[in-house]
file run_19.cif (mmCIF, C-alpha atoms)
data_structure
#
loop_
_atom_site.label_atom_id
_atom_site.label_comp_id
_atom_site.auth_asym_id
_atom_site.auth_seq_id
_atom_site.Cartn_x
_atom_site.Cartn_y
_atom_site.Cartn_z
CA MET A 1412 140.32 -50.04 -42.21
CA GLU A 1413 141.23 -48.74 -45.68
CA THR A 1414 139.46 -45.75 -47.21
CA PRO A 1415 137.64 -46.76 -50.44
CA GLN A 1416 139.21 -45.35 -53.62
CA ILE A 1417 137.51 -44.32 -56.89
CA GLU A 1418 139.50 -44.33 -60.13
CA MET A 1419 138.86 -41.19 -62.24
CA GLY A 1420 140.79 -40.66 -65.50
CA GLY A 1421 143.79 -42.77 -64.40
CA PHE A 1422 144.00 -41.13 -60.92
CA LYS A 1423 142.83 -42.77 -57.71
CA VAL A 1424 140.77 -40.49 -55.49
CA ASN A 1425 139.87 -41.19 -51.88
CA SER A 1426 136.12 -41.14 -51.23
CA PRO A 1427 134.55 -40.53 -47.80
CA GLN A 1428 133.52 -43.56 -45.77
CA VAL A 1429 129.72 -43.91 -45.87
CA PRO A 1430 127.68 -46.43 -43.87
CA ASN A 1431 126.03 -49.24 -45.91
CA GLY A 1432 129.02 -49.27 -48.15
CA GLY A 1433 129.09 -46.38 -50.55
CA LEU A 1434 128.51 -42.95 -51.92
CA GLN A 1435 125.89 -43.87 -54.54
CA PRO A 1436 122.65 -43.75 -52.46
CA THR A 1437 123.40 -40.21 -51.22
CA VAL A 1438 124.14 -38.91 -54.73
CA ALA A 1439 121.10 -40.71 -56.15
CA SER A 1440 118.77 -39.28 -53.49
CA SER A 1441 120.10 -35.73 -54.03
CA TRP A 1442 119.66 -36.11 -57.81
CA LYS A 1443 116.17 -37.51 -57.23
CA SER A 1444 115.15 -34.61 -54.97
CA ARG A 1445 116.66 -32.10 -57.42
CA GLY A 1446 114.77 -33.80 -60.27
CA THR A 1447 111.50 -33.62 -58.27
CA VAL A 1448 111.98 -29.89 -57.60
CA GLU A 1449 112.80 -29.26 -61.28
CA ARG A 1450 109.70 -31.22 -62.38
CA ALA A 1451 107.51 -29.29 -59.94
CA LEU A 1452 108.91 -25.93 -61.17
CA LYS A 1453 108.42 -26.98 -64.80
CA SER A 1454 104.84 -28.06 -64.00
CA ILE A 1455 104.10 -24.69 -62.33
CA ARG A 1456 105.61 -22.84 -65.30
CA ILE A 1457 103.49 -24.82 -67.80
CA VAL A 1458 100.19 -24.63 -65.87
CA VAL A 1459 100.43 -21.10 -64.43
CA PHE A 1460 102.55 -19.09 -66.87
CA THR A 1461 101.81 -20.43 -70.38
CA SER A 1462 98.13 -19.39 -70.69
CA LYS A 1463 97.43 -15.71 -71.35
CA LEU A 1464 94.05 -16.15 -69.67
CA ASN A 1465 95.95 -16.61 -66.38
CA LEU A 1466 96.53 -12.84 -66.32
CA LEU A 1467 93.00 -12.78 -64.83
CA MET A 1468 94.04 -14.92 -61.81
CA PRO A 1469 94.79 -11.94 -59.49
CA PHE A 1470 91.11 -10.95 -59.73
CA GLY A 1471 90.34 -13.94 -57.44
CA PRO A 1472 92.23 -12.69 -54.36
CA ALA A 1473 91.12 -9.12 -55.23
CA SER A 1474 87.45 -10.20 -55.01
CA ILE A 1475 88.05 -11.63 -51.50
CA ILE A 1476 89.74 -8.37 -50.39
CA LEU A 1477 86.84 -6.34 -51.85
CA HIS A 1478 84.30 -8.57 -50.08
CA PHE A 1479 85.81 -7.71 -46.67
CA THR A 1480 86.68 -4.05 -47.32
CA THR A 1481 83.67 -2.73 -49.31
CA ARG A 1482 79.98 -3.39 -49.79
CA ARG A 1483 80.22 -3.14 -53.60
CA HIS A 1484 78.63 -6.44 -54.57
CA GLY A 1485 78.77 -5.65 -58.28
CA LEU A 1486 82.59 -5.43 -58.20
CA VAL A 1487 82.93 -8.51 -55.96
CA PHE A 1488 80.77 -10.48 -58.42
CA LEU A 1489 82.68 -9.30 -61.52
CA PHE A 1490 86.11 -9.83 -59.92
CA SER A 1491 85.29 -13.33 -58.62
CA MET A 1492 83.79 -14.22 -62.01
CA LEU A 1493 86.98 -13.05 -63.76
CA GLY A 1494 89.11 -14.87 -61.17
CA ILE A 1495 87.30 -18.21 -61.65
CA THR A 1496 87.42 -18.07 -65.50
CA PRO A 1497 91.17 -18.94 -65.89
CA LEU A 1498 90.85 -21.59 -63.15
CA ALA A 1499 88.02 -23.27 -65.08
CA GLU A 1500 90.16 -23.19 -68.25
CA ARG A 1501 93.18 -24.65 -66.42
CA LEU A 1502 90.92 -27.38 -64.95
CA GLY A 1503 90.12 -28.30 -68.55
CA TYR A 1504 93.83 -28.30 -69.44
CA ALA A 1505 94.80 -30.54 -66.50
CA THR A 1506 91.95 -32.92 -67.42
CA GLU A 1507 93.15 -33.11 -71.03
CA GLN A 1508 96.66 -33.96 -69.80
CA LEU A 1509 95.25 -36.70 -67.56
CA ALA A 1510 93.09 -37.96 -70.46
CA ILE A 1511 96.26 -38.71 -72.47
CA TYR A 1512 97.20 -41.34 -69.85
CA THR A 1513 93.69 -42.82 -69.45
CA GLY A 1514 92.66 -43.28 -73.11
CA PRO A 1515 89.97 -41.54 -75.21
CA THR A 1516 86.76 -42.97 -73.63
CA VAL A 1517 87.70 -42.40 -69.98
CA GLY A 1518 89.38 -39.15 -71.09
CA GLY A 1519 86.14 -37.87 -72.62
CA LEU A 1520 84.26 -38.65 -69.39
CA LEU A 1521 86.97 -36.97 -67.30
CA ASN A 1522 86.82 -33.92 -69.56
CA ALA A 1523 83.06 -33.60 -69.18
CA THR A 1524 83.20 -34.26 -65.40
CA PHE A 1525 85.92 -31.76 -64.47
CA GLY A 1526 84.64 -29.35 -67.12
CA ASN A 1527 81.44 -29.29 -65.07
CA ALA A 1528 83.14 -29.21 -61.65
CA THR A 1529 82.85 -25.39 -61.56
CA GLU A 1530 79.09 -25.45 -62.29
CA MET A 1531 78.52 -28.16 -59.66
CA ILE A 1532 80.49 -26.31 -56.97
CA ILE A 1533 78.66 -23.01 -57.67
CA ALA A 1534 75.31 -24.89 -57.63
CA ILE A 1535 76.00 -26.58 -54.27
CA TYR A 1536 77.01 -23.24 -52.64
CA ALA A 1537 73.86 -21.58 -54.01
CA LEU A 1538 71.74 -24.52 -52.81
CA LYS A 1539 73.27 -24.24 -49.34
CA ASN A 1540 72.16 -20.58 -49.30
CA GLY A 1541 68.61 -21.57 -50.36
CA MET A 1542 68.98 -19.89 -53.78
CA ILE A 1543 67.11 -22.62 -55.66
CA ARG A 1544 66.27 -20.46 -58.70
CA VAL A 1545 69.94 -19.50 -59.13
CA VAL A 1546 70.86 -23.22 -59.10
CA GLN A 1547 68.18 -24.07 -61.67
CA GLN A 1548 68.96 -21.14 -63.95
CA SER A 1549 72.77 -21.45 -63.82
CA LEU A 1550 72.58 -25.17 -64.72
CA LEU A 1551 70.05 -24.47 -67.48
CA GLY A 1552 72.36 -21.70 -68.73
CA SER A 1553 75.30 -24.14 -68.83
CA ILE A 1554 73.30 -26.55 -71.03
CA LEU A 1555 72.20 -23.73 -73.38
CA SER A 1556 75.72 -22.26 -73.50
CA ASN A 1557 77.35 -25.64 -74.29
CA MET A 1558 74.85 -26.59 -76.98
CA LEU A 1559 74.52 -23.23 -78.73
CA LEU A 1560 77.53 -21.01 -77.95
CA VAL A 1561 80.36 -23.52 -77.38
CA MET A 1562 79.33 -25.87 -80.19
CA GLY A 1563 78.43 -22.94 -82.47
CA CYS A 1564 81.86 -21.32 -82.00
CA ALA A 1565 83.58 -24.69 -82.51
CA PHE A 1566 81.66 -25.43 -85.74
CA PHE A 1567 82.28 -21.87 -86.95
CA ALA A 1568 86.04 -21.90 -86.20
CA GLY A 1569 86.46 -25.42 -87.62
CA GLY A 1570 84.43 -24.47 -90.70
CA ILE A 1571 86.58 -21.37 -91.35
CA VAL A 1572 89.85 -23.35 -91.01
CA HIS A 1573 88.52 -26.20 -93.20
CA ARG A 1574 86.51 -24.08 -95.65
CA ASN A 1575 86.89 -26.46 -98.59
CA LYS A 1576 85.10 -29.43 -97.02
CA ASP A 1577 82.32 -30.43 -94.63
CA GLN A 1578 83.74 -31.74 -91.36
CA VAL A 1579 82.30 -35.09 -90.27
CA PHE A 1580 81.57 -36.68 -86.89
CA SER A 1581 80.00 -39.88 -85.54
CA LYS A 1582 76.23 -39.83 -85.98
CA ALA A 1583 75.86 -42.63 -83.39
CA THR A 1584 77.30 -40.43 -80.62
CA ALA A 1585 75.11 -37.48 -81.62
CA VAL A 1586 71.94 -39.64 -81.68
CA VAL A 1587 72.55 -41.18 -78.23
CA ASN A 1588 73.34 -37.79 -76.67
CA SER A 1589 70.30 -36.17 -78.33
CA GLY A 1590 68.15 -38.99 -76.93
CA LEU A 1591 69.49 -38.42 -73.41
CA LEU A 1592 68.93 -34.64 -73.71
CA LEU A 1593 65.32 -35.25 -74.81
CA MET A 1594 64.87 -37.58 -71.81
CA ALA A 1595 66.16 -34.75 -69.57
CA VAL A 1596 63.65 -32.34 -71.17
CA MET A 1597 60.94 -34.90 -70.43
CA GLY A 1598 62.09 -35.09 -66.79
CA LEU A 1599 61.95 -31.27 -66.47
CA MET A 1600 58.70 -30.88 -68.39
CA PHE A 1601 56.33 -33.02 -66.30
CA PRO A 1602 56.85 -31.20 -62.96
CA ALA A 1603 56.35 -27.86 -64.80
CA VAL A 1604 53.19 -29.13 -66.57
CA LEU A 1605 51.89 -30.53 -63.26
CA HIS A 1606 52.47 -27.15 -61.60
CA PHE A 1607 50.91 -24.98 -64.34
CA THR A 1608 47.86 -27.19 -64.94
CA HIS A 1609 47.16 -27.21 -61.15
CA SER A 1610 46.57 -30.98 -61.35
CA GLU A 1611 48.67 -32.06 -58.35
CA VAL A 1612 47.26 -34.49 -55.80
CA ARG A 1613 48.87 -32.44 -53.01
CA GLN A 1614 49.68 -28.81 -53.82
CA GLY A 1615 53.46 -28.28 -53.89
CA ALA A 1616 54.33 -31.67 -52.36
CA SER A 1617 53.51 -33.79 -55.44
CA GLU A 1618 55.74 -31.61 -57.63
CA VAL A 1619 58.76 -32.10 -55.31
CA ALA A 1620 58.05 -35.84 -54.89
CA LEU A 1621 57.81 -36.34 -58.68
CA SER A 1622 61.05 -34.35 -59.13
CA ARG A 1623 62.90 -36.53 -56.64
CA PHE A 1624 61.61 -39.75 -58.22
CA SER A 1625 62.46 -38.52 -61.75
CA SER A 1626 65.94 -37.44 -60.57
CA CYS A 1627 66.68 -40.96 -59.28
CA ILE A 1628 65.49 -42.42 -62.63
CA MET A 1629 67.69 -39.92 -64.56
CA LEU A 1630 70.72 -40.86 -62.43
CA VAL A 1631 70.08 -44.56 -63.20
CA ALA A 1632 69.81 -43.70 -66.93
CA TYR A 1633 73.09 -41.74 -66.81
CA ALA A 1634 74.87 -44.58 -64.96
CA SER A 1635 73.62 -46.98 -67.66
CA TYR A 1636 74.93 -44.61 -70.33
CA LEU A 1637 78.36 -44.55 -68.65
CA TYR A 1638 78.42 -48.36 -68.45
CA PHE A 1639 77.40 -48.54 -72.12
CA GLN A 1640 80.23 -46.18 -73.08
CA LEU A 1641 82.87 -47.91 -70.99
CA SER A 1642 81.86 -51.48 -71.92
CA GLY A 1643 82.48 -53.25 -75.23
CA GLN A 1644 79.72 -51.21 -76.93
CA SER A 1645 81.99 -48.14 -76.94
CA ASN A 1646 83.71 -49.29 -80.15
CA ILE A 1647 80.78 -47.91 -82.18
CA TYR A 1648 81.88 -44.49 -80.94
CA SER A 1649 85.35 -44.60 -82.50
CA PRO A 1650 86.05 -41.37 -84.40
CA ILE A 1651 85.12 -41.51 -88.08
CA GLY A 1652 88.59 -40.74 -89.39
CA SER A 1653 90.38 -43.18 -87.07
CA GLU A 1654 91.07 -45.70 -89.82
CA GLU A 1655 92.99 -43.19 -91.91
CA ALA A 1656 96.70 -44.05 -91.68
CA PRO A 1657 98.23 -40.71 -92.86
CA ASN A 1658 97.10 -38.86 -89.73
CA GLU A 1659 98.77 -41.18 -87.18
CA ASP A 1660 101.94 -39.11 -86.78
CA THR A 1661 100.03 -35.87 -86.25
CA VAL A 1662 97.71 -37.55 -83.72
CA GLU A 1663 100.70 -38.81 -81.72
CA GLU A 1664 102.30 -35.38 -81.92
CA ASP A 1665 99.10 -33.70 -80.68
CA GLU A 1666 98.69 -36.12 -77.78
CA GLU A 1667 102.15 -35.78 -76.24
CA ALA A 1668 101.73 -35.05 -72.52
CA GLU A 1669 103.28 -31.86 -71.13
CA ILE A 1670 102.92 -32.79 -67.46
CA GLY A 1671 102.95 -36.15 -65.62
CA MET A 1672 99.86 -38.10 -64.59
CA TRP A 1673 100.19 -37.44 -60.84
CA GLU A 1674 101.05 -33.79 -61.53
CA ALA A 1675 97.76 -33.52 -63.47
CA VAL A 1676 95.85 -35.16 -60.57
CA THR A 1677 97.48 -32.74 -58.07
CA TRP A 1678 96.61 -29.73 -60.22
CA LEU A 1679 92.99 -30.94 -60.52
CA ALA A 1680 92.72 -31.13 -56.72
CA VAL A 1681 94.37 -27.70 -56.15
CA LEU A 1682 92.31 -25.92 -58.84
CA THR A 1683 89.03 -27.51 -57.70
CA LEU A 1684 89.67 -26.33 -54.10
CA TRP A 1685 90.46 -22.76 -55.24
CA VAL A 1686 87.36 -22.67 -57.49
CA SER A 1687 85.16 -23.85 -54.60
CA PHE A 1688 86.67 -21.16 -52.34
CA LEU A 1689 85.97 -18.35 -54.85
CA SER A 1690 82.50 -19.73 -55.70
CA GLU A 1691 81.27 -18.87 -52.20
CA TYR A 1692 82.06 -15.17 -52.74
CA LEU A 1693 80.57 -15.29 -56.26
CA VAL A 1694 77.26 -16.76 -55.05
CA ASN A 1695 76.99 -14.40 -52.06
CA ALA A 1696 77.40 -11.39 -54.38
CA ILE A 1697 74.78 -12.39 -57.01
CA GLU A 1698 71.75 -10.58 -55.58
CA GLY A 1699 73.72 -7.44 -54.69
CA ALA A 1700 75.27 -7.48 -58.17
CA SER A 1701 71.81 -7.71 -59.73
CA ASP A 1702 70.80 -4.47 -57.95
CA SER A 1703 74.05 -2.54 -58.52
CA LEU A 1704 74.52 -3.60 -62.18
CA ASN A 1705 70.78 -3.25 -62.87
CA LEU A 1706 70.63 -6.72 -64.48
CA PRO A 1707 67.93 -9.35 -63.82
CA VAL A 1708 69.06 -12.27 -61.60
CA ALA A 1709 67.78 -14.57 -64.39
CA PHE A 1710 70.17 -12.98 -66.93
CA ILE A 1711 73.13 -13.21 -64.50
CA SER A 1712 72.33 -16.87 -63.70
CA VAL A 1713 71.54 -18.11 -67.23
CA ILE A 1714 74.00 -16.06 -69.32
CA LEU A 1715 76.87 -14.67 -67.18
CA LEU A 1716 77.57 -17.53 -64.71
CA PRO A 1717 77.92 -20.23 -67.46
CA ILE A 1718 80.58 -18.10 -69.20
CA VAL A 1719 82.74 -18.76 -66.12
CA GLY A 1720 82.04 -22.49 -65.95
CA ASN A 1721 82.29 -23.12 -69.69
CA ALA A 1722 85.67 -21.45 -70.28
CA ALA A 1723 87.35 -24.89 -70.33
CA GLU A 1724 84.81 -26.44 -72.71
CA HIS A 1725 84.88 -23.37 -74.95
CA ALA A 1726 88.66 -23.37 -75.37
CA SER A 1727 89.09 -27.13 -75.88
CA ALA A 1728 86.04 -27.56 -78.18
CA ILE A 1729 87.28 -24.82 -80.55
CA MET A 1730 90.84 -26.17 -80.47
CA PHE A 1731 89.72 -29.72 -81.39
CA ALA A 1732 87.36 -28.45 -84.13
CA MET A 1733 90.24 -26.52 -85.72
CA LYS A 1734 92.31 -29.73 -85.67
CA ASP A 1735 89.41 -31.50 -87.46
CA LYS A 1736 88.67 -33.71 -84.43
CA LEU A 1737 84.95 -33.07 -84.29
CA ASP A 1738 84.15 -36.25 -82.35
CA ILE A 1739 86.12 -34.86 -79.40
CA THR A 1740 84.42 -31.45 -79.87
CA LEU A 1741 81.01 -33.15 -79.67
CA GLY A 1742 82.15 -35.16 -76.66
CA VAL A 1743 83.08 -31.93 -74.88
CA ALA A 1744 80.10 -29.73 -75.87
CA ILE A 1745 77.17 -32.18 -76.16
CA GLY A 1746 78.70 -34.61 -73.64
CA SER A 1747 78.94 -31.78 -71.11
CA SER A 1748 75.31 -30.75 -71.72
CA THR A 1749 74.21 -34.37 -71.33
CA GLN A 1750 76.11 -34.68 -68.07
CA ILE A 1751 74.62 -31.49 -66.61
CA SER A 1752 71.06 -32.43 -67.60
CA MET A 1753 71.24 -36.14 -66.67
CA PHE A 1754 73.65 -36.04 -63.73
CA VAL A 1755 74.33 -32.58 -62.22
CA ILE A 1756 70.67 -31.39 -62.12
CA PRO A 1757 69.27 -34.66 -60.64
CA PHE A 1758 72.27 -34.79 -58.27
CA CYS A 1759 71.44 -31.26 -57.03
CA VAL A 1760 67.81 -32.34 -56.43
CA VAL A 1761 69.06 -35.28 -54.31
CA ILE A 1762 71.61 -33.04 -52.47
CA GLY A 1763 68.78 -30.52 -51.81
CA TRP A 1764 66.67 -33.39 -50.46
CA VAL A 1765 69.51 -34.28 -48.03
CA MET A 1766 69.96 -30.56 -47.08
CA GLY A 1767 66.22 -30.13 -46.54
CA GLN A 1768 65.92 -27.72 -49.50
CA LYS A 1769 62.90 -28.14 -51.80
CA MET A 1770 64.94 -28.19 -55.01
CA ASP A 1771 62.74 -29.58 -57.78
CA LEU A 1772 62.72 -30.07 -61.55
CA ASN A 1773 60.08 -27.38 -62.15
CA PHE A 1774 62.27 -24.88 -63.99
CA GLN A 1775 59.19 -22.76 -64.84
CA LEU A 1776 57.47 -22.57 -68.22
CA PHE A 1777 59.79 -20.05 -69.94
CA GLU A 1778 63.01 -21.92 -69.07
CA THR A 1779 61.59 -25.37 -69.90
CA ALA A 1780 60.30 -24.15 -73.28
CA THR A 1781 63.71 -22.57 -74.04
CA LEU A 1782 65.49 -25.85 -73.27
CA PHE A 1783 63.05 -27.92 -75.34
CA ILE A 1784 63.42 -25.68 -78.43
CA THR A 1785 67.23 -25.62 -78.03
CA VAL A 1786 67.52 -29.43 -77.81
CA PHE A 1787 65.21 -29.75 -80.83
CA VAL A 1788 67.26 -27.26 -82.92
CA VAL A 1789 70.61 -28.88 -81.98
CA ALA A 1790 69.33 -32.43 -82.62
CA PHE A 1791 68.13 -31.26 -86.05
CA MET A 1792 71.58 -29.72 -86.80
CA LEU A 1793 73.42 -32.91 -85.83
CA GLN A 1794 71.25 -35.44 -87.68
CA ASP A 1795 73.35 -35.62 -90.88
CA GLY A 1796 76.74 -36.04 -89.14
CA THR A 1797 78.38 -33.03 -90.83
CA ALA A 1798 79.43 -29.56 -89.66
CA ASN A 1799 80.37 -26.30 -91.40
CA TYR A 1800 80.74 -22.61 -90.54
CA LEU A 1801 77.11 -21.84 -91.51
CA LYS A 1802 75.75 -24.28 -88.93
CA GLY A 1803 78.10 -22.76 -86.36
CA LEU A 1804 76.94 -19.24 -87.17
CA MET A 1805 73.28 -20.29 -86.89
CA LEU A 1806 73.88 -21.81 -83.44
CA ILE A 1807 75.67 -18.63 -82.24
CA LEU A 1808 72.79 -16.45 -83.52
CA CYS A 1809 70.29 -18.74 -81.74
CA TYR A 1810 72.24 -18.17 -78.51
CA LEU A 1811 72.03 -14.39 -78.98
CA ILE A 1812 68.23 -14.70 -79.26
CA VAL A 1813 68.16 -16.76 -76.03
CA ALA A 1814 70.40 -14.19 -74.26
CA ALA A 1815 68.15 -11.31 -75.36
CA SER A 1816 65.08 -13.25 -74.16
CA PHE A 1817 66.50 -13.67 -70.65
CA PHE A 1818 67.57 -10.00 -70.57
CA VAL A 1819 63.91 -8.93 -70.87
CA HIS A 1820 62.51 -11.87 -68.84
CA VAL A 1821 61.21 -11.21 -65.33
CA ASP A 1822 61.49 -14.35 -63.21
CA PRO A 1823 58.16 -14.90 -61.41
CA GLN A 1824 59.93 -16.63 -58.51
CA SER A 1825 62.98 -14.37 -58.15
CA SER A 1826 61.71 -13.11 -54.82
CA ASP A 1827 61.51 -16.69 -53.50
CA GLY A 1828 65.16 -17.65 -54.31
#
call {"tool": "encode", "arguments": {"input": "run_19.cif", "output": "structure tokens"}}
result
Amino acid sequence: METPQIEMGGFKVNSPQVPNGGLQPTVASSWKSRGTVERALKSIRIVVFTSKLNLLMPFGPASIILHFTTRRHGLVFLFSMLGITPLAERLGYATEQLAIYTGPTVGGLLNATFGNATEMIIAIYALKNGMIRVVQQSLLGSILSNMLLVMGCAFFAGGIVHRNKDQVFSKATAVVNSGLLLMAVMGLMFPAVLHFTHSEVRQGASEVALSRFSSCIMLVAYASYLYFQLSGQSNIYSPIGSEEAPNEDTVEEDEEAEIGMWEAVTWLAVLTLWVSFLSEYLVNAIEGASDSLNLPVAFISVILLPIVGNAAEHASAIMFAMKDKLDITLGVAIGSSTQISMFVIPFCVVIGWVMGQKMDLNFQLFETATLFITVFVVAFMLQDGTANYLKGLMLILCYLIVAASFFVHVDPQSSDG
């Protein structure tokens, strides 16, 4: 049997006999495997080594080592908080990359969902430990942080970059989200009013029963909102400047994916697992950290914990505002607040119900009043559909007032959590 010959530059070269008739499959498979390895290395380089915030990543393993070698809860809390922060930001990055493949509407929902994955994981670990007040206050803190700090910084940064004009966004989106946030306030207010007016049919039980019923209603409302967004009605939410032709090239340039779709999905899974692993150490160290750092648990839960969870929203909201894409900024900041208030909080009540924990929607008078005033102020700011650096500065200053209030606030139920 003759050995197959390959002609190269006028010369005939013998090639080795390969079953199935040729050399090509072997070469192709080796090239394919080499290409896969190169893609994986490129993906790791982009996700792990391009963000300066990733310099904080070693604090994660350090917090686990400290947990087993010392009893210094303050350090364990700070290290795990610092370790989770870059992971939350990278979760946001991977979601944005995935959003490029899924389109703007599904992308916005993905952004809000995985942006809140950190808060939800921390809440479920705290709930498992029976720390109901930490769950309530950390989720409330996330809503306040998104609406005042994240959106305030985005408006301020966007306003400074575009000083010569008012930035515009879709009023329709702002109105629907404001309506949902007010519905969430209503859901939180009635259990608190019932508790503080002592008008329950059965002391304690009625409050929890009302909370569980209201949570189911809020989940139905949020599901309806998602269907409304994803159905044909979503065209009313198209960004205001989308009809302007001159910006098409820059939009395409901005939306070029850096990693593949399945790479983004893999990174989301890996980062979510690592965040959930670190969250356990973070939650276990909260009470010890409160004593060693001499800070109220309420301040840690409402102000410090959301800084960790909102790193992704903070970075992306500011970036989009500076690119004059305020509709995406609103989708991230207000959309995230809407999702926490209408989905994550009711979901935690239902999960608590399954776990046998009496998680309810009575966030206490001080917290409920803070949320109501915040939603009212933000809805008022958004009503005209424009943004500038002054509005951003006002929202940031409002957040500082809220932070100072929780610093001097003694939680009446802290001993129960």
call {"tool": "closest_residue", "arguments": {"input": "run_19.cif", "among": "A:Leu1706, A:Met1542, A:Leu1679, A:Leu1493", "to": "Ser1474 in chain A", "atoms": "only C-alpha atoms"}}
result
A:Leu1493
call {"tool": "resolve_selection", "arguments": {"input": "run_19.cif", "expression": "the PyMOL selection byres ((chain A and resi 1671) around 12)", "output": "PyMOL selection string"}}
result
chain A and resi 1447+1450-1451+1453-1455+1457-1458+1505-1512+1667-1670+1672-1678
call {"tool": "closest_residue", "arguments": {"input": "run_19.cif", "among": "A:Gly1485, A:Lys1463, A:Ile1554, A:Ile1532", "to": "Leu1682 in chain A", "atoms": "all atoms listed in the file"}}
result
A:Ile1532
call {"tool": "residues_around", "arguments": {"input": "run_19.cif", "residues": "range 1747-1762 of chain A", "least_positions_apart": "3", "cutoff": "9 Å", "atoms": "all atoms listed in the file", "output": "JSON, numbers by chain"}}
result
{"A": [1520, 1522, 1523, 1524, 1526, 1527, 1530, 1531, 1534, 1535, 1538, 1546, 1547, 1550, 1551, 1553, 1554, 1555, 1556, 1557, 1558, 1588, 1589, 1591, 1592, 1594, 1595, 1596, 1622, 1623, 1625, 1626, 1627, 1628, 1629, 1630, 1632, 1633, 1634, 1724, 1741, 1742, 1743, 1744, 1765, 1766, 1767, 1768, 1769, 1770, 1771, 1772]}
call {"tool": "atom_distance", "arguments": {"input": "run_19.cif", "atom1": "CA of Leu1641 in chain A", "atom2": "CA of Thr1513 in chain A"}}
result
12.1 Å
call {"tool": "closest_residue", "arguments": {"input": "run_19.cif", "among": "A:Thr1781, A:Ser1816, A:Asn1465, A:Ser1491", "to": "Leu1599 in chain A", "atoms": "all atoms listed in the file"}}
result
A:Thr1781
call {"tool": "residues_around", "arguments": {"input": "run_19.cif", "residues": "Leu1776 in chain A", "least_positions_apart": "6", "cutoff": "10 Å", "atoms": "all atoms listed in the file", "output": "number ranges by chain"}}
result
A: 1599-1600, 1603-1604, 1606-1607
call {"tool": "atom_distance", "arguments": {"input": "run_19.cif", "atom1": "CA of Tyr1800 in chain A", "atom2": "CA of Ile1729 in chain A"}}
result
12.1 Å
call {"tool": "resolve_selection", "arguments": {"input": "run_19.cif", "expression": "the PyMOL selection byres ((chain A and resi 1686) around 12)", "output": "ChimeraX atom specification"}}
result
/A:1468,1471-1472,1491-1502,1525,1527-1533,1536,1678-1685,1687-1694,1719-1720
call {"tool": "closest_residue", "arguments": {"input": "run_19.cif", "among": "A:His1573, A:His1609, A:Arg1544, A:Lys1734", "to": "Glu1778 in chain A", "atoms": "only C-alpha atoms"}}
result
A:Arg1544
call {"tool": "resolve_selection", "arguments": {"input": "run_19.cif", "expression": "the PyMOL selection byres ((chain A and resi 1577) around 12)", "output": "list in words"}}
result
Phe1566, Phe1567, Gly1569, Gly1570, Ile1571, Val1572, His1573, Arg1574, Asn1575, Lys1576, Gln1578, Val1579, Phe1580, Ala1732, Asp1735, Leu1737, Asp1795, Gly1796, Thr1797, Ala1798, Asn1799, Tyr1800, Leu1801 and Lys1802 of chain A
call {"tool": "axis_aligned_box", "arguments": {"input": "run_19.cif", "around": "range 1499-1515 of chain A", "padding_each_side": "8 Å", "output": "lines of an AutoDock Vina configuration file"}}
result
center_x = 92.6
center_y = -33.2
center_z = -70.1
size_x = 25.2
size_y = 36.1
size_z = 26.3
call {"tool": "build_atoms", "arguments": {"input": "run_19.cif", "residues": "range 1576-1583 of chain A", "atoms": "N, CA, C and O atoms", "output": "short mmCIF file (atom, residue, chain, number, x, y, z; two decimals), keeping the file's coordinate frame"}}
result
data_model
loop_
_atom_site.label_atom_id
_atom_site.label_comp_id
_atom_site.auth_asym_id
_atom_site.auth_seq_id
_atom_site.Cartn_x
_atom_site.Cartn_y
_atom_site.Cartn_z
N LYS A 1576 85.79 -28.14 -97.20
CA LYS A 1576 85.10 -29.43 -97.02
C LYS A 1576 84.16 -29.35 -95.82
O LYS A 1576 84.29 -28.47 -94.96
N ASP A 1577 83.19 -30.27 -95.79
CA ASP A 1577 82.32 -30.43 -94.63
C ASP A 1577 83.05 -31.32 -93.63
O ASP A 1577 83.53 -32.40 -94.00
N GLN A 1578 83.14 -30.89 -92.39
CA GLN A 1578 83.74 -31.74 -91.36
C GLN A 1578 82.73 -32.81 -90.96
O GLN A 1578 81.52 -32.55 -90.95
N VAL A 1579 83.21 -34.00 -90.62
CA VAL A 1579 82.30 -35.09 -90.27
C VAL A 1579 82.52 -35.55 -88.84
O VAL A 1579 83.62 -35.41 -88.30
N PHE A 1580 81.47 -36.12 -88.23
CA PHE A 1580 81.57 -36.68 -86.89
C PHE A 1580 80.65 -37.89 -86.81
O PHE A 1580 79.84 -38.14 -87.70
N SER A 1581 80.77 -38.65 -85.73
CA SER A 1581 80.00 -39.88 -85.54
C SER A 1581 78.53 -39.57 -85.27
O SER A 1581 78.19 -38.93 -84.28
N LYS A 1582 77.67 -40.04 -86.17
CA LYS A 1582 76.23 -39.83 -85.98
C LYS A 1582 75.71 -40.60 -84.78
O LYS A 1582 74.79 -40.16 -84.09
N ALA A 1583 76.30 -41.78 -84.51
CA ALA A 1583 75.86 -42.63 -83.39
C ALA A 1583 75.97 -41.88 -82.07
O ALA A 1583 75.04 -41.89 -81.25
#
